[in-house]
Each structure stands twice: as C-alpha cells, then as structure tokens.
file work_21.cif (mmCIF, C-alpha atoms and all ligand atoms)
data_start
#
loop_
_atom_site.label_atom_id
_atom_site.label_comp_id
_atom_site.auth_asym_id
_atom_site.auth_seq_id
_atom_site.Cartn_x
_atom_site.Cartn_y
_atom_site.Cartn_z
CA MET A 1 60.96 23.36 92.51
CA ARG A 2 59.59 26.21 90.38
CA ILE A 3 57.14 28.52 92.14
CA VAL A 4 55.19 31.56 90.93
CA LEU A 5 54.14 33.95 93.69
CA LEU A 6 51.28 36.16 92.51
CA GLY A 7 49.64 39.00 94.40
CA THR A 8 48.67 42.64 94.47
CA PRO A 9 51.42 45.26 94.79
CA GLY A 10 52.34 45.32 98.49
CA ALA A 11 50.70 41.98 99.32
CA GLY A 12 54.06 40.87 100.72
CA LYS A 13 55.47 38.89 97.79
CA GLY A 14 59.04 40.05 98.37
CA THR A 15 58.77 39.53 102.14
CA GLN A 16 57.40 35.98 101.79
CA CYS A 17 59.83 35.07 98.99
CA LYS A 18 62.74 35.75 101.32
CA PHE A 19 61.29 33.28 103.86
CA ILE A 20 60.69 30.65 101.16
CA VAL A 21 64.12 30.86 99.51
CA ASN A 22 65.88 30.68 102.89
CA LYS A 23 63.96 27.58 103.92
CA TYR A 24 63.98 25.71 100.60
CA GLY A 25 67.30 26.82 99.07
CA LEU A 26 65.69 28.33 95.98
CA GLU A 27 66.66 31.41 93.95
CA HIS A 28 64.52 34.55 94.39
CA LEU A 29 63.83 36.02 90.94
CA SER A 30 62.03 39.33 91.52
CA SER A 31 61.37 41.18 88.25
CA GLY A 32 61.03 44.46 90.18
CA ASP A 33 64.38 43.98 91.96
CA ILE A 34 66.09 42.98 88.70
CA LEU A 35 64.71 46.09 86.96
CA ARG A 36 65.88 48.29 89.86
CA ARG A 37 69.34 46.68 89.59
CA HIS A 38 69.43 47.59 85.88
CA ARG A 39 68.47 51.16 86.77
CA THR A 40 71.23 51.42 89.37
CA GLU A 41 73.73 50.06 86.85
CA GLY A 42 72.47 52.48 84.19
CA SER A 43 71.92 49.77 81.57
CA ASP A 44 69.83 50.39 78.40
CA LEU A 45 67.06 48.28 79.87
CA GLY A 46 67.17 50.25 83.11
CA ARG A 47 66.83 53.52 81.20
CA GLN A 48 63.98 52.19 79.06
CA ALA A 49 62.09 50.87 82.12
CA GLN A 50 62.46 53.98 84.28
CA SER A 51 59.48 56.08 83.17
CA TYR A 52 57.10 53.10 83.18
CA MET A 53 58.13 52.09 86.70
CA ASP A 54 57.99 55.59 88.17
CA SER A 55 54.45 56.14 86.87
CA GLY A 56 53.22 52.72 88.03
CA ALA A 57 52.75 51.36 84.49
CA LEU A 58 53.93 47.93 83.42
CA VAL A 59 57.18 47.75 81.47
CA PRO A 60 56.48 46.39 77.93
CA ASP A 61 56.30 42.61 77.69
CA GLU A 62 59.10 42.22 75.15
CA LEU A 63 61.64 43.88 77.48
CA ILE A 64 60.50 41.92 80.53
CA VAL A 65 60.29 38.53 78.84
CA GLU A 66 63.82 38.80 77.43
CA MET A 67 65.18 39.90 80.82
CA MET A 68 63.45 37.08 82.71
CA ILE A 69 64.42 34.37 80.20
CA ASP A 70 68.03 35.36 80.89
CA GLU A 71 67.55 35.19 84.67
CA ILE A 72 65.69 31.86 84.59
CA GLY A 73 68.44 30.40 82.39
CA GLY A 74 70.99 31.25 85.08
CA ALA A 75 68.97 29.88 88.02
CA PRO A 76 70.29 26.88 89.98
CA LYS A 77 68.97 23.32 89.49
CA SER A 78 67.24 23.45 92.91
CA GLY A 79 64.75 25.90 91.36
CA TYR A 80 63.39 29.38 91.92
CA VAL A 81 60.52 31.54 93.10
CA LEU A 82 59.24 34.04 90.53
CA ASP A 83 58.09 37.27 92.22
CA GLY A 84 56.38 39.87 89.99
CA PHE A 85 56.71 37.77 86.82
CA PRO A 86 54.60 36.88 84.93
CA ARG A 87 52.33 39.90 85.19
CA THR A 88 50.34 39.70 81.93
CA LEU A 89 48.75 36.76 80.12
CA ASN A 90 51.25 37.18 77.31
CA GLN A 91 54.16 36.90 79.79
CA ALA A 92 52.61 33.74 81.30
CA VAL A 93 52.26 32.12 77.88
CA LYS A 94 55.88 32.99 77.00
CA LEU A 95 57.05 31.51 80.31
CA ASP A 96 55.14 28.27 79.68
CA GLU A 97 56.60 28.06 76.16
CA LEU A 98 60.12 28.55 77.52
CA LEU A 99 59.69 25.83 80.14
CA ALA A 100 58.02 23.41 77.72
CA ARG A 101 61.13 23.52 75.53
CA SER A 102 63.05 21.77 78.33
CA ARG A 103 60.02 19.65 79.39
CA GLU A 104 59.59 21.67 82.57
CA LYS A 105 56.65 23.48 84.13
CA ILE A 106 55.72 25.66 87.07
CA ASP A 107 55.16 23.28 90.01
CA VAL A 108 53.00 25.54 92.13
CA VAL A 109 51.37 28.97 91.94
CA MET A 110 50.60 30.80 95.18
CA ASN A 111 48.43 33.91 95.21
CA LEU A 112 48.65 36.43 98.06
CA LYS A 113 45.36 38.30 98.41
CA ALA A 114 45.46 41.62 100.24
CA SER A 115 42.91 44.44 100.31
CA ASP A 116 43.61 47.82 98.72
CA ASP A 117 43.51 49.79 102.01
CA VAL A 118 46.05 47.44 103.58
CA VAL A 119 48.47 47.54 100.65
CA ILE A 120 48.34 51.33 100.35
CA LYS A 121 49.40 51.62 104.02
CA ARG A 122 52.09 49.00 103.58
CA ILE A 123 53.61 50.43 100.42
CA THR A 124 53.64 54.07 101.51
CA GLY A 125 55.36 53.01 104.77
CA ARG A 126 57.90 50.74 103.10
CA ARG A 127 61.60 51.57 103.33
CA SER A 128 64.28 49.52 101.56
CA CYS A 129 68.01 49.13 101.73
CA PRO A 130 69.55 50.29 98.42
CA LYS A 131 72.57 48.07 99.10
CA CYS A 132 71.22 44.63 100.12
CA GLY A 133 67.53 45.00 99.20
CA ALA A 134 66.23 44.29 102.73
CA VAL A 135 62.69 45.61 103.18
CA TYR A 136 61.24 47.29 106.29
CA HIS A 137 58.10 49.17 107.26
CA ILE A 138 58.01 52.34 109.35
CA ASP A 139 55.32 50.90 111.68
CA ASN A 140 55.13 47.13 111.45
CA MET A 141 58.61 45.91 110.40
CA LYS A 142 60.94 48.47 111.89
CA PRO A 143 64.71 48.25 111.65
CA LYS A 144 66.59 48.14 114.98
CA VAL A 145 67.78 51.72 114.44
CA ASP A 146 65.34 54.11 112.75
CA GLY A 147 66.13 54.58 109.04
CA ILE A 148 69.18 52.26 109.05
CA CYS A 149 69.51 48.76 107.55
CA ASP A 150 70.02 46.04 110.21
CA HIS A 151 72.31 44.07 107.89
CA ASP A 152 74.80 46.62 106.58
CA GLY A 153 74.14 49.99 108.24
CA THR A 154 73.07 51.66 104.97
CA VAL A 155 70.55 54.54 105.12
CA LEU A 156 67.13 53.24 104.07
CA VAL A 157 65.28 54.85 101.15
CA GLN A 158 61.72 55.09 99.85
CA ARG A 159 61.09 53.77 96.34
CA PRO A 160 60.03 56.53 93.90
CA ASP A 161 56.93 54.47 92.97
CA ASP A 162 55.82 54.11 96.59
CA THR A 163 53.71 57.29 96.79
CA ALA A 164 49.94 56.96 97.36
CA GLU A 165 49.19 58.31 93.86
CA VAL A 166 51.49 55.85 92.06
CA VAL A 167 50.28 52.95 94.22
CA ARG A 168 46.71 53.61 93.03
CA SER A 169 47.91 53.45 89.44
CA ARG A 170 49.82 50.19 90.17
CA LEU A 171 46.68 48.70 91.71
CA LYS A 172 44.58 49.71 88.68
CA ASN A 173 47.10 48.08 86.36
CA TYR A 174 47.17 45.01 88.57
CA TYR A 175 43.38 44.50 88.34
CA GLU A 176 43.34 45.11 84.58
CA GLN A 177 46.42 43.21 83.47
CA THR A 178 47.60 40.81 86.18
CA ALA A 179 44.45 39.59 87.97
CA PRO A 180 43.41 37.53 84.89
CA LEU A 181 46.41 35.29 85.60
CA VAL A 182 44.49 33.83 88.55
CA ASP A 183 42.05 32.06 86.21
CA TYR A 184 44.84 31.14 83.80
CA TYR A 185 46.82 29.33 86.50
CA LYS A 186 43.77 27.89 88.29
CA GLU A 187 42.99 25.95 85.13
CA LYS A 188 46.52 24.74 84.39
CA ASN A 189 48.56 24.43 87.57
CA SER A 190 48.50 23.56 91.26
CA PHE A 191 47.10 26.82 92.56
CA TYR A 192 46.61 28.05 96.15
CA GLU A 193 45.34 31.33 97.59
CA PHE A 194 46.30 32.94 100.90
CA ASP A 195 44.78 35.79 102.88
CA ALA A 196 47.73 38.21 103.05
CA ASP A 197 46.06 40.99 105.09
CA GLY A 198 47.30 39.49 108.34
CA ASP A 199 50.62 39.24 110.11
CA ALA A 200 53.62 38.29 107.91
CA GLY A 201 54.58 35.45 110.30
CA VAL A 202 51.11 33.91 110.04
CA VAL A 203 51.14 34.15 106.23
CA LYS A 204 54.59 32.52 106.22
CA GLU A 205 53.38 29.55 108.30
CA GLU A 206 50.44 29.00 105.94
CA LEU A 207 52.73 29.09 102.89
CA PHE A 208 55.20 26.72 104.56
CA GLU A 209 52.42 24.29 105.47
CA LYS A 210 51.31 24.10 101.85
CA LEU A 211 54.84 23.87 100.46
CA GLY A 212 55.79 21.26 103.08
CA ALA A 213 53.03 19.01 101.77
CA LEU A 214 54.30 19.41 98.19
CA VAL A 215 58.05 18.74 98.53
P1 LIG B 301 57.63 45.27 91.89
O1 LIG B 301 58.87 45.66 92.56
O2 LIG B 301 57.39 43.85 91.54
O3 LIG B 301 56.41 45.88 92.72
P2 LIG B 301 55.00 45.28 93.16
O4 LIG B 301 54.49 44.07 92.47
O5 LIG B 301 54.13 46.47 93.09
O6 LIG B 301 55.25 44.69 94.50
P3 LIG B 301 55.92 45.38 95.69
O7 LIG B 301 57.41 45.18 95.61
O8 LIG B 301 55.44 46.79 95.84
O9 LIG B 301 55.26 44.60 96.90
P4 LIG B 301 55.46 43.17 97.51
O10 LIG B 301 54.21 42.36 97.28
O11 LIG B 301 56.76 42.53 97.13
O12 LIG B 301 55.46 43.59 99.05
P5 LIG B 301 56.65 43.66 100.13
O13 LIG B 301 56.99 42.28 100.58
O14 LIG B 301 57.76 44.54 99.69
O15 LIG B 301 57.48 46.08 90.50
C1 LIG B 301 57.76 47.46 90.41
C2 LIG B 301 57.52 47.95 88.99
O16 LIG B 301 58.40 47.26 88.07
C3 LIG B 301 56.11 47.69 88.42
O17 LIG B 301 55.19 48.69 88.81
C4 LIG B 301 56.40 47.71 86.91
O18 LIG B 301 56.58 49.00 86.43
C5 LIG B 301 57.74 47.00 86.84
N1 LIG B 301 57.61 45.53 86.65
C6 LIG B 301 58.02 44.57 87.53
N2 LIG B 301 57.73 43.35 87.05
C7 LIG B 301 57.11 43.54 85.85
C8 LIG B 301 56.55 42.65 84.87
N3 LIG B 301 56.58 41.31 85.03
N4 LIG B 301 55.99 43.20 83.78
C9 LIG B 301 55.96 44.54 83.58
N5 LIG B 301 56.47 45.44 84.47
C10 LIG B 301 57.04 44.94 85.60
O19 LIG B 301 55.83 44.37 101.33
C11 LIG B 301 55.39 45.71 101.23
C12 LIG B 301 55.55 46.42 102.60
O20 LIG B 301 54.67 45.81 103.54
C13 LIG B 301 56.95 46.28 103.21
O21 LIG B 301 57.23 47.46 103.91
C14 LIG B 301 56.85 45.09 104.20
O22 LIG B 301 57.74 45.25 105.26
C15 LIG B 301 55.39 45.20 104.62
N6 LIG B 301 54.73 43.90 104.82
C16 LIG B 301 54.83 42.81 104.02
N7 LIG B 301 54.03 41.82 104.47
C17 LIG B 301 53.40 42.32 105.57
C18 LIG B 301 52.41 41.81 106.47
N8 LIG B 301 51.89 40.58 106.33
N9 LIG B 301 51.98 42.60 107.47
C19 LIG B 301 52.45 43.86 107.61
N10 LIG B 301 53.38 44.42 106.80
C20 LIG B 301 53.84 43.65 105.78
#
call {"tool": "encode", "arguments": {"input": "work_21.cif", "output": "structure tokens"}}
result
Amino acid sequence: MRIVLLGTPGAGKGTQCKFIVNKYGLEHLSSGDILRRHRTEGSDLGRQAQSYMDSGALVPDELIVEMMIDEIGGAPKSGYVLDGFPRTLNQAVKLDELLARSREKIDVVMNLKASDDVVIKRITGRRSCPKCGAVYHIDNMKPKVDGICDHDGTVLVQRPDDTAEVVRSRLKNYYEQTAPLVDYYKEKNSFYEFDADGDAGVVKEELFEKLGALV
C-alpha cells in the first residue's frame, strides 16, 4: 500500500506515521527526517538544504524530488507512507509521473487538519532523539525521564526550526505552497481528512478505522 500523509507542520504526521508503519508493516519515508539525516552525515544535499530548513522555507523541488525518487526506489514491496512529501504541486506531479512509469499510484491520501494555535504549542514543545528519531513533547508526550530518550538513553534535543518565529514561517509556506495539494488529491485519489487537534490516540484510531476498511 502507498499512502501520502498530508498536514500542517506539527499536525502529528510523524507521530501517526509511526503508528501506521508498525501496524501495517510499511516503510516510513519522511522527507524531513531524510534531510536531517543528510545534514548529520554532512552530505552535499544536507549542506544545500540547511539554510532553507533553518529559516522555515521549502528546499527547492529539484533537490527534494531526486532525493525522494531514490528513497521510493529502495522501499519494500509492502509499500510506504510518505510524510512531508509531496509538498508542492510540482512535487506531486513528479511523484505521479514516477509511479505511472511502473503502473502504480498512491492508494490513499490522508490529511491531518490542525489549527495554528495548537501546532505552534506542539512544535515549540517538541523534543526529539538525535539517535533514533523518537519524538516527545514537554507537556503531552513526556519521556519517562525528563530530557532523555526512553529507547536509547540519548539526551533529547530541540530542532533548530522549532522556534515560534520559524514555525510561523513554516505555516505561511504551508498555506501558500502545500495546501493546494488538498484539491489536487481530492480530484484524483481516495482522499480522507481527519481532525488532528485532539488526542494522538484518538486520531490514531480514526486513521486505523479508515485504513482497516481499505486493506
Ligand atoms: P518536516 O520535518 O517534514 O517538518 P513539518 O512538516 O513542519 O512537520 P513536523 O515534523 O514539524 O511535524 P509533524 O506533523 O510530523 O508532527 P509531529 O508528529 O512531530 O520538514 C522540515 C523542513 O524540511 C521543512 O520546513 C522544509 O524546509 C524541509 N522539507 C521537508 N520536506 C520537504 C519537501 N517535500 N519539499 C521541500 N522542503 C521540504 O508532532 C509534533 C509535536 O506534537 C511532537 O512533540 C508530538 O509529540 C506532539 N503531538 C503529535 N500529535 C499530537 C497530538 N494529537 N496531541 C498532542 N501532541 C501531539
């Protein structure tokens, strides 16, 4: 199964993707995580992406599309969940063209809708594990020991683009460049929307109910 998970920054895409891939045995392809991996490794792409990411701007399409084509090519036959890609109409068209070459398509698009006030609180309180990528929140998804990853004991960090100022810029870019994908996918694909302001467990159950009816 091939799933696209759309949503505002901080809507909970990464959090929900982890639930979905664990339940359905799919690969989690997060463009943000892949870019951060390139930055940690110090690759050319990582260096080129750095200033865009830190200011909350989108990384240019040509860099992202090439990176994601590589990742999709290496994904298992069981399928994948795309998180953060596509993020512009041009990226969505390139993805469709890639899949059409092997007579494939996106099976379902799920859009997480969260309000700006909620996502600003979520993102500024987010802490992540630089080693395993686990995500926590200082108030509503706390690790067992303050500031330490439950899985590997690593000290949690705050992403450089998780300040209130950069989040506002990410939201602006989302509404200008990514929100149009909702109409694009509504017309072409199985498309479902979810209220993502509520509890992560409730959102998960709603996603699972929909996916359960599709598999
Ligand atoms: P990316 O890493 O994709 O950032 P994003 O889309 O802004 O999404 P986030 O990772 O911030 O949020 P999320 O929805 O995954 O929320 P999460 O589950 O972590 O991209 C970063 C940058 O890379 C971009 O700005 C851009 O520069 C570049 N980039 C990436 N893809 C690109 C592309 N395709 N094209 C161009 N540039 C690209 O949850 C957030 C917090 O809330 C966590 O602390 C979590 O614990 C908590 N939380 C989650 N759900 C709930 C809930 N229901 N209730 C309470 N708390 C919750």
call {"tool": "axis_aligned_box", "arguments": {"input": "work_21.cif", "around": "ligand LIG 301 (chain B)", "padding_each_side": "5 Å", "output": "lines of an AutoDock Vina configuration file"}}
result
center_x = 55.4
center_y = 44.8
center_z = 95.6
size_x = 17.0
size_y = 18.4
size_z = 34.0
call {"tool": "residues_near_ligand", "arguments": {"input": "work_21.cif", "ligand": "ligand LIG 301 (chain B)", "cutoff": "6 Å", "atoms": "all atoms listed in the file", "output": "number ranges by chain"}}
result
A: 9-15, 31-33, 52-53, 56-60, 64, 84-87, 122-123, 125-126, 135-137, 140-141, 170, 196-200
call {"tool": "atom_distance", "arguments": {"input": "work_21.cif", "atom1": "CA of Tyr174 (chain A)", "atom2": "CA of Leu82 (chain A)"}}
result
16.4 Å
call {"tool": "closest_residue", "arguments": {"input": "work_21.cif", "among": "A:Ser51, A:Phe194, A:Asp61, A:Thr163", "to": "Lys210 (chain A)", "atoms": "all atoms listed in the file"}}
result
A:Phe194
call {"tool": "closest_residue", "arguments": {"input": "work_21.cif", "among": "A:Arg103, A:Arg168, A:Lys77, A:Lys186", "to": "Lys121 (chain A)", "atoms": "all atoms listed in the file"}}
result
A:Arg168
call {"tool": "atom_distance", "arguments": {"input": "work_21.cif", "atom1": "CA of Asp195 (chain A)", "atom2": "CA of Asn111 (chain A)"}}
result
8.7 Å
call {"tool": "atom_distance", "arguments": {"input": "work_21.cif", "atom1": "CA of Asn173 (chain A)", "atom2": "CA of Ser55 (chain A)"}}
result
10.9 Å
call {"tool": "closest_residue", "arguments": {"input": "work_21.cif", "among": "A:Cys17, A:Leu214, A:Ala49, A:Ile138", "to": "Leu112 (chain A)", "atoms": "all atoms listed in the file"}}
result
A:Cys17
call {"tool": "residues_around", "arguments": {"input": "work_21.cif", "residues": "region 2-7 of chain A", "least_positions_apart": "6", "cutoff": "6 Å", "atoms": "only C-alpha atoms", "output": "mmCIF file with C-alpha atoms, in the coordinates of the input"}}
result
data_model
loop_
_atom_site.group_PDB
_atom_site.id
_atom_site.type_symbol
_atom_site.label_atom_id
_atom_site.label_comp_id
_atom_site.auth_asym_id
_atom_site.auth_seq_id
_atom_site.Cartn_x
_atom_site.Cartn_y
_atom_site.Cartn_z
ATOM 1 C CA GLY A 79 64.750 25.900 91.360
ATOM 2 C CA TYR A 80 63.390 29.380 91.920
ATOM 3 C CA VAL A 81 60.520 31.540 93.100
ATOM 4 C CA LEU A 82 59.240 34.040 90.530
ATOM 5 C CA ASP A 83 58.090 37.270 92.220
ATOM 6 C CA ILE A 106 55.720 25.660 87.070
ATOM 7 C CA ASP A 107 55.160 23.280 90.010
ATOM 8 C CA VAL A 108 53.000 25.540 92.130
ATOM 9 C CA VAL A 109 51.370 28.970 91.940
ATOM 10 C CA MET A 110 50.600 30.800 95.180
ATOM 11 C CA ASN A 111 48.430 33.910 95.210
ATOM 12 C CA LEU A 112 48.650 36.430 98.060
ATOM 13 C CA LYS A 113 45.360 38.300 98.410
#
call {"tool": "closest_residue", "arguments": {"input": "work_21.cif", "among": "A:Thr178, A:Ser128, A:Ser30, A:Ser102", "to": "His151 (chain A)", "atoms": "all atoms listed in the file"}}
result
A:Ser128
call {"tool": "closest_residue", "arguments": {"input": "work_21.cif", "among": "A:Leu171, A:Leu211, A:Leu156, A:Val65", "to": "Val93 (chain A)", "atoms": "only C-alpha atoms"}}
result
A:Val65
call {"tool": "closest_residue", "arguments": {"input": "work_21.cif", "among": "A:Val167, A:Cys149, A:Val157, A:Ala114", "to": "Arg127 (chain A)", "atoms": "all atoms listed in the file"}}
result
A:Val157
call {"tool": "residues_around", "arguments": {"input": "work_21.cif", "residues": "Met67 (chain A)", "least_positions_apart": "6", "cutoff": "9 Å", "atoms": "all atoms listed in the file", "output": "ChimeraX atom specification"}}
result
/A:31,34-35,45
call {"tool": "residues_around", "arguments": {"input": "work_21.cif", "residues": "Gly46 (chain A)", "least_positions_apart": "6", "cutoff": "9 Å", "atoms": "all atoms listed in the file", "output": "VMD selection string"}}
result
chain A and resid 35 to 40
call {"tool": "write_last_selection", "arguments": {"input": "work_21.cif", "atoms": "C-alpha atoms", "output": "PDB file, in the coordinates of the input"}}
result
ATOM      1  CA  LEU A  35      64.710  46.090  86.960  1.00  0.00           C
ATOM      2  CA  ARG A  36      65.880  48.290  89.860  1.00  0.00           C
ATOM      3  CA  ARG A  37      69.340  46.680  89.590  1.00  0.00           C
ATOM      4  CA  HIS A  38      69.430  47.590  85.880  1.00  0.00           C
ATOM      5  CA  ARG A  39      68.470  51.160  86.770  1.00  0.00           C
ATOM      6  CA  THR A  40      71.230  51.420  89.370  1.00  0.00           C
TER       7      THR A  40
END
